[in-house]
file structure.txt (compact mmCIF, N, CA and C atoms)
# COMPACT_ATOMS: atom_id res chain seq x y z
N MET A 1 96.04 97.88 76.41
CA MET A 1 96.80 96.92 77.18
C MET A 1 96.13 96.77 78.54
N GLN A 2 95.97 95.54 78.95
CA GLN A 2 95.42 95.23 80.26
C GLN A 2 96.50 95.37 81.33
N ILE A 3 96.09 95.61 82.57
CA ILE A 3 97.06 95.83 83.63
C ILE A 3 97.97 94.62 83.86
N GLY A 4 97.41 93.42 83.73
CA GLY A 4 98.23 92.22 83.87
C GLY A 4 99.26 92.09 82.76
N GLU A 5 98.90 92.49 81.56
CA GLU A 5 99.84 92.49 80.45
C GLU A 5 100.97 93.48 80.70
N PHE A 6 100.61 94.64 81.24
CA PHE A 6 101.64 95.63 81.55
C PHE A 6 102.57 95.11 82.64
N GLN A 7 102.01 94.48 83.65
CA GLN A 7 102.83 93.92 84.72
C GLN A 7 103.80 92.88 84.15
N GLN A 8 103.32 92.04 83.25
CA GLN A 8 104.20 91.04 82.63
C GLN A 8 105.26 91.71 81.76
N LEU A 9 104.92 92.77 81.05
CA LEU A 9 105.90 93.50 80.25
C LEU A 9 107.02 94.03 81.14
N MET A 10 106.66 94.60 82.28
CA MET A 10 107.68 95.12 83.20
C MET A 10 108.57 94.00 83.73
N GLU A 11 107.97 92.83 83.95
CA GLU A 11 108.77 91.67 84.37
C GLU A 11 109.76 91.28 83.28
N THR A 12 109.28 91.24 82.05
CA THR A 12 110.14 90.87 80.93
C THR A 12 111.27 91.88 80.73
N LEU A 13 110.92 93.15 80.78
CA LEU A 13 111.92 94.19 80.53
C LEU A 13 112.89 94.40 81.69
N TYR A 14 112.39 94.37 82.92
CA TYR A 14 113.20 94.82 84.05
C TYR A 14 113.23 93.87 85.24
N GLY A 15 112.54 92.74 85.15
CA GLY A 15 112.38 91.87 86.31
C GLY A 15 113.66 91.48 87.02
N GLN A 16 114.62 90.95 86.28
CA GLN A 16 115.87 90.52 86.90
C GLN A 16 116.61 91.70 87.52
N GLN A 17 116.72 92.77 86.79
CA GLN A 17 117.39 93.99 87.27
C GLN A 17 116.71 94.53 88.53
N ASP A 18 115.38 94.54 88.53
CA ASP A 18 114.65 95.06 89.68
C ASP A 18 114.84 94.17 90.91
N ARG A 19 114.84 92.85 90.72
CA ARG A 19 115.07 91.95 91.86
C ARG A 19 116.47 92.13 92.43
N GLU A 20 117.45 92.35 91.55
CA GLU A 20 118.81 92.58 92.02
C GLU A 20 118.89 93.88 92.82
N ARG A 21 118.13 94.89 92.40
CA ARG A 21 118.10 96.17 93.10
C ARG A 21 117.46 95.99 94.48
N GLY A 22 116.41 95.17 94.54
CA GLY A 22 115.74 94.85 95.80
C GLY A 22 114.52 95.71 96.08
N MET A 23 113.70 95.20 96.97
CA MET A 23 112.45 95.88 97.30
C MET A 23 112.64 97.23 97.99
N PRO A 24 113.57 97.38 98.92
CA PRO A 24 113.72 98.70 99.54
C PRO A 24 114.02 99.79 98.50
N SER A 25 114.88 99.50 97.56
CA SER A 25 115.19 100.48 96.52
C SER A 25 114.00 100.70 95.59
N THR A 26 113.26 99.65 95.31
CA THR A 26 112.08 99.77 94.46
C THR A 26 111.04 100.67 95.13
N VAL A 27 110.83 100.48 96.42
CA VAL A 27 109.88 101.33 97.15
C VAL A 27 110.36 102.79 97.12
N ALA A 28 111.66 102.99 97.29
CA ALA A 28 112.20 104.36 97.25
C ALA A 28 111.97 104.99 95.88
N TRP A 29 112.22 104.24 94.81
CA TRP A 29 111.99 104.76 93.45
C TRP A 29 110.51 105.06 93.23
N LEU A 30 109.65 104.16 93.71
CA LEU A 30 108.21 104.38 93.57
C LEU A 30 107.80 105.66 94.28
N ALA A 31 108.29 105.86 95.49
CA ALA A 31 107.96 107.07 96.24
C ALA A 31 108.45 108.32 95.51
N GLU A 32 109.64 108.24 94.96
CA GLU A 32 110.17 109.38 94.20
C GLU A 32 109.29 109.69 93.00
N GLU A 33 108.86 108.66 92.30
CA GLU A 33 108.00 108.87 91.12
C GLU A 33 106.64 109.42 91.51
N VAL A 34 106.10 109.01 92.66
CA VAL A 34 104.83 109.58 93.11
C VAL A 34 105.01 111.07 93.38
N GLY A 35 106.15 111.45 93.96
CA GLY A 35 106.43 112.87 94.16
C GLY A 35 106.51 113.63 92.85
N GLU A 36 107.16 113.03 91.86
CA GLU A 36 107.25 113.67 90.55
C GLU A 36 105.87 113.79 89.90
N LEU A 37 105.03 112.78 90.11
CA LEU A 37 103.66 112.86 89.59
C LEU A 37 102.90 113.99 90.26
N ALA A 38 103.05 114.12 91.57
CA ALA A 38 102.37 115.20 92.29
C ALA A 38 102.79 116.56 91.73
N GLN A 39 104.07 116.72 91.47
CA GLN A 39 104.56 117.98 90.91
C GLN A 39 104.00 118.20 89.51
N ALA A 40 103.94 117.14 88.70
CA ALA A 40 103.40 117.27 87.35
C ALA A 40 101.92 117.62 87.38
N VAL A 41 101.20 117.08 88.33
CA VAL A 41 99.78 117.40 88.45
C VAL A 41 99.60 118.88 88.80
N ARG A 42 100.45 119.37 89.68
CA ARG A 42 100.34 120.77 90.10
C ARG A 42 100.79 121.74 89.03
N LYS A 43 101.90 121.44 88.36
CA LYS A 43 102.51 122.44 87.49
C LYS A 43 102.86 121.95 86.09
N GLY A 44 102.61 120.70 85.81
CA GLY A 44 103.09 120.13 84.56
C GLY A 44 102.07 120.17 83.43
N THR A 45 102.57 119.79 82.29
CA THR A 45 101.72 119.67 81.10
C THR A 45 101.05 118.30 81.10
N ARG A 46 100.11 118.14 80.22
CA ARG A 46 99.45 116.84 80.06
C ARG A 46 100.47 115.76 79.73
N GLU A 47 101.42 116.07 78.87
CA GLU A 47 102.45 115.10 78.49
C GLU A 47 103.31 114.70 79.69
N GLN A 48 103.66 115.68 80.53
CA GLN A 48 104.45 115.37 81.73
C GLN A 48 103.63 114.52 82.70
N GLN A 49 102.37 114.81 82.82
CA GLN A 49 101.50 114.03 83.70
C GLN A 49 101.40 112.58 83.22
N LEU A 50 101.21 112.40 81.91
CA LEU A 50 101.16 111.04 81.36
C LEU A 50 102.47 110.30 81.58
N HIS A 51 103.58 110.99 81.38
CA HIS A 51 104.90 110.39 81.58
C HIS A 51 105.05 109.91 83.03
N GLU A 52 104.70 110.75 83.98
CA GLU A 52 104.86 110.39 85.39
C GLU A 52 103.88 109.31 85.81
N LEU A 53 102.66 109.34 85.28
CA LEU A 53 101.72 108.24 85.55
C LEU A 53 102.30 106.91 85.10
N GLY A 54 102.91 106.91 83.93
CA GLY A 54 103.54 105.69 83.42
C GLY A 54 104.68 105.22 84.31
N ASP A 55 105.49 106.18 84.79
CA ASP A 55 106.59 105.80 85.69
C ASP A 55 106.08 105.20 86.98
N VAL A 56 105.03 105.80 87.56
CA VAL A 56 104.46 105.26 88.79
C VAL A 56 103.92 103.86 88.55
N LEU A 57 103.22 103.68 87.46
CA LEU A 57 102.67 102.36 87.14
C LEU A 57 103.78 101.33 86.94
N ALA A 58 104.86 101.73 86.30
CA ALA A 58 105.99 100.81 86.07
C ALA A 58 106.62 100.38 87.39
N TRP A 59 106.87 101.33 88.29
CA TRP A 59 107.49 100.98 89.58
C TRP A 59 106.53 100.20 90.46
N LEU A 60 105.24 100.50 90.40
CA LEU A 60 104.26 99.73 91.14
C LEU A 60 104.22 98.29 90.63
N SER A 61 104.32 98.13 89.32
CA SER A 61 104.37 96.79 88.73
C SER A 61 105.62 96.05 89.17
N SER A 62 106.74 96.74 89.21
CA SER A 62 107.98 96.12 89.66
C SER A 62 107.85 95.62 91.09
N LEU A 63 107.27 96.44 91.96
CA LEU A 63 107.09 96.04 93.35
C LEU A 63 106.16 94.83 93.44
N ALA A 64 105.06 94.87 92.71
CA ALA A 64 104.12 93.74 92.72
C ALA A 64 104.82 92.47 92.24
N ASN A 65 105.63 92.58 91.20
CA ASN A 65 106.36 91.41 90.70
C ASN A 65 107.31 90.86 91.75
N GLN A 66 108.02 91.73 92.44
CA GLN A 66 108.95 91.28 93.46
C GLN A 66 108.23 90.63 94.65
N LEU A 67 107.00 91.09 94.91
CA LEU A 67 106.20 90.51 95.99
C LEU A 67 105.43 89.27 95.52
N ASP A 68 105.54 88.97 94.22
CA ASP A 68 104.80 87.87 93.60
C ASP A 68 103.29 88.05 93.79
N LEU A 69 102.84 89.28 93.55
CA LEU A 69 101.43 89.63 93.65
C LEU A 69 100.93 90.14 92.31
N SER A 70 99.64 89.98 92.08
CA SER A 70 99.01 90.40 90.83
C SER A 70 98.30 91.73 91.01
N LEU A 71 98.64 92.70 90.16
CA LEU A 71 97.91 93.97 90.19
C LEU A 71 96.46 93.77 89.78
N THR A 72 96.20 92.84 88.89
CA THR A 72 94.82 92.53 88.50
C THR A 72 94.03 92.06 89.71
N GLU A 73 94.63 91.17 90.47
CA GLU A 73 93.96 90.67 91.68
C GLU A 73 93.78 91.78 92.71
N ALA A 74 94.80 92.62 92.86
CA ALA A 74 94.70 93.73 93.82
C ALA A 74 93.58 94.68 93.42
N ALA A 75 93.44 94.95 92.14
CA ALA A 75 92.41 95.88 91.67
C ALA A 75 91.01 95.28 91.73
N SER A 76 90.91 93.96 91.70
CA SER A 76 89.59 93.33 91.62
C SER A 76 88.72 93.59 92.84
N ARG A 77 89.32 93.92 93.97
CA ARG A 77 88.48 94.20 95.15
C ARG A 77 87.61 95.43 94.92
N TYR A 78 88.02 96.31 94.03
CA TYR A 78 87.20 97.48 93.73
C TYR A 78 85.96 97.11 92.94
N VAL A 79 85.99 95.94 92.31
CA VAL A 79 84.82 95.45 91.58
C VAL A 79 83.86 94.76 92.54
N THR A 80 84.43 93.93 93.42
CA THR A 80 83.60 93.09 94.29
C THR A 80 83.29 93.71 95.64
N ASP A 81 84.18 94.55 96.18
CA ASP A 81 83.99 95.11 97.53
C ASP A 81 84.71 96.44 97.65
N PRO A 82 84.22 97.48 96.97
CA PRO A 82 84.91 98.77 97.02
C PRO A 82 84.91 99.33 98.45
N PRO A 83 85.99 99.99 98.81
CA PRO A 83 86.07 100.56 100.16
C PRO A 83 85.11 101.73 100.33
call {"tool": "encode", "arguments": {"input": "structure.txt", "output": "structure tokens"}}
result
Amino acid sequence: MQIGEFQQLMETLYGQQDRERGMPSTVAWLAEEVGELAQAVRKGTREQQLHELGDVLAWLSSLANQLDLSLTEAASRYVTDPP
């Protein structure tokens, strides 16, 4: 699955619900999931790490959708002008 396809899937599955929740709550959920990922990296199993990576990606996609931004476009700078 391409990142843009995943972003569209998150829009289809959760877009309306996420917009009703709002961006401040979405950012809070994203931050919480990043914390859970950090813990899984330190002490978790491979399965837990994959689970948390997926959660972070899902919340990041939700935020991008609410901002009307493309994760594909955001990632493309690493192809053309890496930091």
call {"tool": "atom_distance", "arguments": {"input": "structure.txt", "atom1": "atom CA of A:Glu11", "atom2": "atom CA of A:Ser61"}}
result
8.0 Å
call {"tool": "atom_distance", "arguments": {"input": "structure.txt", "atom1": "atom CA of A:Ser62", "atom2": "atom CA of A:Tyr14"}}
result
7.8 Å
call {"tool": "atom_distance", "arguments": {"input": "structure.txt", "atom1": "atom CA of A:Asn65", "atom2": "atom CA of A:Phe6"}}
result
11.1 Å
call {"tool": "residues_near_point", "arguments": {"input": "structure.txt", "point": "(110.7, 98.4, 85.8)", "cutoff": "8 Å", "atoms": "all atoms listed in the file", "output": "list in words"}}
result
Leu9, Met10, Glu11, Leu13, Tyr14, Gly15, Gln17, Asp18, Leu57, Ala58, Trp59, Leu60, Ser61, Ser62 and Leu63 of chain A
call {"tool": "write_last_selection", "arguments": {"input": "structure.txt", "atoms": "N, CA and C atoms", "output": "mmCIF file, keeping the file's coordinate frame"}}
result
data_model
loop_
_atom_site.group_PDB
_atom_site.id
_atom_site.type_symbol
_atom_site.label_atom_id
_atom_site.label_comp_id
_atom_site.auth_asym_id
_atom_site.auth_seq_id
_atom_site.Cartn_x
_atom_site.Cartn_y
_atom_site.Cartn_z
ATOM 1 N N LEU A 9 104.920 92.770 81.050
ATOM 2 C CA LEU A 9 105.900 93.500 80.250
ATOM 3 C C LEU A 9 107.020 94.030 81.140
ATOM 4 N N MET A 10 106.660 94.600 82.280
ATOM 5 C CA MET A 10 107.680 95.120 83.200
ATOM 6 C C MET A 10 108.570 94.000 83.730
ATOM 7 N N GLU A 11 107.970 92.830 83.950
ATOM 8 C CA GLU A 11 108.770 91.670 84.370
ATOM 9 C C GLU A 11 109.760 91.280 83.280
ATOM 10 N N LEU A 13 110.920 93.150 80.780
ATOM 11 C CA LEU A 13 111.920 94.190 80.530
ATOM 12 C C LEU A 13 112.890 94.400 81.690
ATOM 13 N N TYR A 14 112.390 94.370 82.920
ATOM 14 C CA TYR A 14 113.200 94.820 84.050
ATOM 15 C C TYR A 14 113.230 93.870 85.240
ATOM 16 N N GLY A 15 112.540 92.740 85.150
ATOM 17 C CA GLY A 15 112.380 91.870 86.310
ATOM 18 C C GLY A 15 113.660 91.480 87.020
ATOM 19 N N GLN A 17 116.720 92.770 86.790
ATOM 20 C CA GLN A 17 117.390 93.990 87.270
ATOM 21 C C GLN A 17 116.710 94.530 88.530
ATOM 22 N N ASP A 18 115.380 94.540 88.530
ATOM 23 C CA ASP A 18 114.650 95.060 89.680
ATOM 24 C C ASP A 18 114.840 94.170 90.910
ATOM 25 N N LEU A 57 103.220 103.680 87.460
ATOM 26 C CA LEU A 57 102.670 102.360 87.140
ATOM 27 C C LEU A 57 103.780 101.330 86.940
ATOM 28 N N ALA A 58 104.860 101.730 86.300
ATOM 29 C CA ALA A 58 105.990 100.810 86.070
ATOM 30 C C ALA A 58 106.620 100.380 87.390
ATOM 31 N N TRP A 59 106.870 101.330 88.290
ATOM 32 C CA TRP A 59 107.490 100.980 89.580
ATOM 33 C C TRP A 59 106.530 100.200 90.460
ATOM 34 N N LEU A 60 105.240 100.500 90.400
ATOM 35 C CA LEU A 60 104.260 99.730 91.140
ATOM 36 C C LEU A 60 104.220 98.290 90.630
ATOM 37 N N SER A 61 104.320 98.130 89.320
ATOM 38 C CA SER A 61 104.370 96.790 88.730
ATOM 39 C C SER A 61 105.620 96.050 89.170
ATOM 40 N N SER A 62 106.740 96.740 89.210
ATOM 41 C CA SER A 62 107.980 96.120 89.660
ATOM 42 C C SER A 62 107.850 95.620 91.090
ATOM 43 N N LEU A 63 107.270 96.440 91.960
ATOM 44 C CA LEU A 63 107.090 96.040 93.350
ATOM 45 C C LEU A 63 106.160 94.830 93.440
#
call {"tool": "closest_residue", "arguments": {"input": "structure.txt", "among": "A:Gly4, A:Gln49, A:Asp81, A:Arg19", "to": "A:Leu37", "atoms": "only C-alpha atoms"}}
result
A:Gln49
call {"tool": "residues_around", "arguments": {"input": "structure.txt", "residues": "stretch 24-35 of chain A", "least_positions_apart": "3", "cutoff": "6.5 Å", "atoms": "all atoms listed in the file", "output": "list in words"}}
result
Arg21, Ala38, Gln39, Ala40, Glu52, Asp55, Val56, Trp59, Leu60 and Leu63 of chain A
call {"tool": "closest_residue", "arguments": {"input": "structure.txt", "among": "A:Met1, A:Gln7, A:Lys43, A:Met23", "to": "A:Leu71", "atoms": "only N, CA and C atoms"}}
result
A:Gln7
call {"tool": "decode", "arguments": {"input": "structure.txt", "residues": "stretch 21-67 of chain A", "atoms": "N, CA and C atoms", "output": "compact mmCIF listing (two decimals), in the first residue's frame"}}
result
# COMPACT_ATOMS: atom_id res chain seq x y z
N ARG A 21 -13.83 15.46 16.14
CA ARG A 21 -12.97 15.47 17.33
C ARG A 21 -12.12 16.73 17.33
N GLY A 22 -11.62 17.12 16.15
CA GLY A 22 -10.84 18.34 15.99
C GLY A 22 -9.34 18.12 16.04
N MET A 23 -8.64 19.10 15.52
CA MET A 23 -7.18 19.01 15.43
C MET A 23 -6.48 18.98 16.78
N PRO A 24 -6.89 19.78 17.77
CA PRO A 24 -6.18 19.70 19.05
C PRO A 24 -6.22 18.29 19.65
N SER A 25 -7.36 17.64 19.58
CA SER A 25 -7.47 16.28 20.09
C SER A 25 -6.67 15.30 19.25
N THR A 26 -6.65 15.51 17.95
CA THR A 26 -5.88 14.64 17.06
C THR A 26 -4.39 14.75 17.38
N VAL A 27 -3.91 15.97 17.59
CA VAL A 27 -2.50 16.16 17.95
C VAL A 27 -2.21 15.47 19.28
N ALA A 28 -3.12 15.59 20.23
CA ALA A 28 -2.93 14.93 21.54
C ALA A 28 -2.85 13.42 21.37
N TRP A 29 -3.74 12.84 20.56
CA TRP A 29 -3.72 11.39 20.33
C TRP A 29 -2.43 10.98 19.63
N LEU A 30 -2.01 11.78 18.65
CA LEU A 30 -0.76 11.48 17.95
C LEU A 30 0.41 11.48 18.92
N ALA A 31 0.47 12.47 19.78
CA ALA A 31 1.56 12.54 20.76
C ALA A 31 1.53 11.34 21.70
N GLU A 32 0.34 10.95 22.11
CA GLU A 32 0.22 9.77 22.98
C GLU A 32 0.72 8.52 22.28
N GLU A 33 0.37 8.38 21.01
CA GLU A 33 0.81 7.20 20.25
C GLU A 33 2.31 7.20 20.03
N VAL A 34 2.91 8.38 19.84
CA VAL A 34 4.37 8.44 19.71
C VAL A 34 5.02 7.98 21.01
N GLY A 35 4.45 8.37 22.14
CA GLY A 35 4.95 7.89 23.42
C GLY A 35 4.85 6.38 23.56
N GLU A 36 3.73 5.83 23.12
CA GLU A 36 3.56 4.38 23.16
C GLU A 36 4.55 3.68 22.23
N LEU A 37 4.83 4.30 21.09
CA LEU A 37 5.82 3.74 20.18
C LEU A 37 7.20 3.75 20.82
N ALA A 38 7.54 4.84 21.48
CA ALA A 38 8.84 4.93 22.16
C ALA A 38 8.98 3.82 23.20
N GLN A 39 7.92 3.58 23.95
CA GLN A 39 7.95 2.52 24.96
C GLN A 39 8.09 1.15 24.29
N ALA A 40 7.38 0.94 23.18
CA ALA A 40 7.47 -0.34 22.48
C ALA A 40 8.86 -0.56 21.90
N VAL A 41 9.49 0.50 21.45
CA VAL A 41 10.85 0.38 20.92
C VAL A 41 11.81 -0.02 22.03
N ARG A 42 11.62 0.57 23.20
CA ARG A 42 12.51 0.27 24.33
C ARG A 42 12.28 -1.12 24.91
N LYS A 43 11.02 -1.50 25.07
CA LYS A 43 10.73 -2.71 25.85
C LYS A 43 9.78 -3.69 25.17
N GLY A 44 9.29 -3.35 24.00
CA GLY A 44 8.25 -4.17 23.40
C GLY A 44 8.75 -5.23 22.44
N THR A 45 7.81 -6.03 22.02
CA THR A 45 8.09 -7.06 21.02
C THR A 45 7.98 -6.45 19.63
N ARG A 46 8.40 -7.19 18.66
CA ARG A 46 8.28 -6.75 17.26
C ARG A 46 6.81 -6.48 16.92
N GLU A 47 5.92 -7.33 17.38
CA GLU A 47 4.49 -7.16 17.11
C GLU A 47 3.96 -5.87 17.74
N GLN A 48 4.40 -5.57 18.97
CA GLN A 48 3.97 -4.33 19.62
C GLN A 48 4.53 -3.11 18.88
N GLN A 49 5.75 -3.22 18.42
CA GLN A 49 6.36 -2.11 17.68
C GLN A 49 5.60 -1.86 16.38
N LEU A 50 5.27 -2.93 15.66
CA LEU A 50 4.49 -2.78 14.42
C LEU A 50 3.12 -2.16 14.70
N HIS A 51 2.47 -2.61 15.77
CA HIS A 51 1.17 -2.08 16.14
C HIS A 51 1.25 -0.57 16.40
N GLU A 52 2.24 -0.15 17.17
CA GLU A 52 2.37 1.27 17.51
C GLU A 52 2.79 2.10 16.31
N LEU A 53 3.63 1.55 15.44
CA LEU A 53 3.96 2.27 14.20
C LEU A 53 2.71 2.52 13.38
N GLY A 54 1.85 1.53 13.30
CA GLY A 54 0.59 1.69 12.58
C GLY A 54 -0.29 2.75 13.20
N ASP A 55 -0.36 2.77 14.54
CA ASP A 55 -1.17 3.79 15.21
C ASP A 55 -0.64 5.19 14.94
N VAL A 56 0.68 5.36 15.00
CA VAL A 56 1.28 6.67 14.73
C VAL A 56 0.97 7.09 13.30
N LEU A 57 1.12 6.18 12.37
CA LEU A 57 0.85 6.50 10.97
C LEU A 57 -0.62 6.87 10.76
N ALA A 58 -1.52 6.17 11.44
CA ALA A 58 -2.95 6.46 11.33
C ALA A 58 -3.27 7.86 11.85
N TRP A 59 -2.74 8.21 13.01
CA TRP A 59 -3.03 9.54 13.57
C TRP A 59 -2.35 10.64 12.77
N LEU A 60 -1.15 10.37 12.24
CA LEU A 60 -0.49 11.34 11.38
C LEU A 60 -1.31 11.57 10.12
N SER A 61 -1.87 10.50 9.58
CA SER A 61 -2.74 10.61 8.40
C SER A 61 -3.98 11.42 8.72
N SER A 62 -4.56 11.18 9.88
CA SER A 62 -5.74 11.94 10.30
C SER A 62 -5.43 13.42 10.37
N LEU A 63 -4.29 13.77 10.96
CA LEU A 63 -3.92 15.17 11.06
C LEU A 63 -3.70 15.78 9.68
N ALA A 64 -3.00 15.06 8.82
CA ALA A 64 -2.78 15.55 7.46
C ALA A 64 -4.10 15.77 6.74
N ASN A 65 -5.03 14.84 6.90
CA ASN A 65 -6.35 14.99 6.27
C ASN A 65 -7.07 16.23 6.78
N GLN A 66 -7.02 16.46 8.08
CA GLN A 66 -7.70 17.63 8.65
C GLN A 66 -7.05 18.93 8.19
N LEU A 67 -5.74 18.89 7.93
CA LEU A 67 -5.03 20.06 7.44
C LEU A 67 -5.13 20.20 5.92
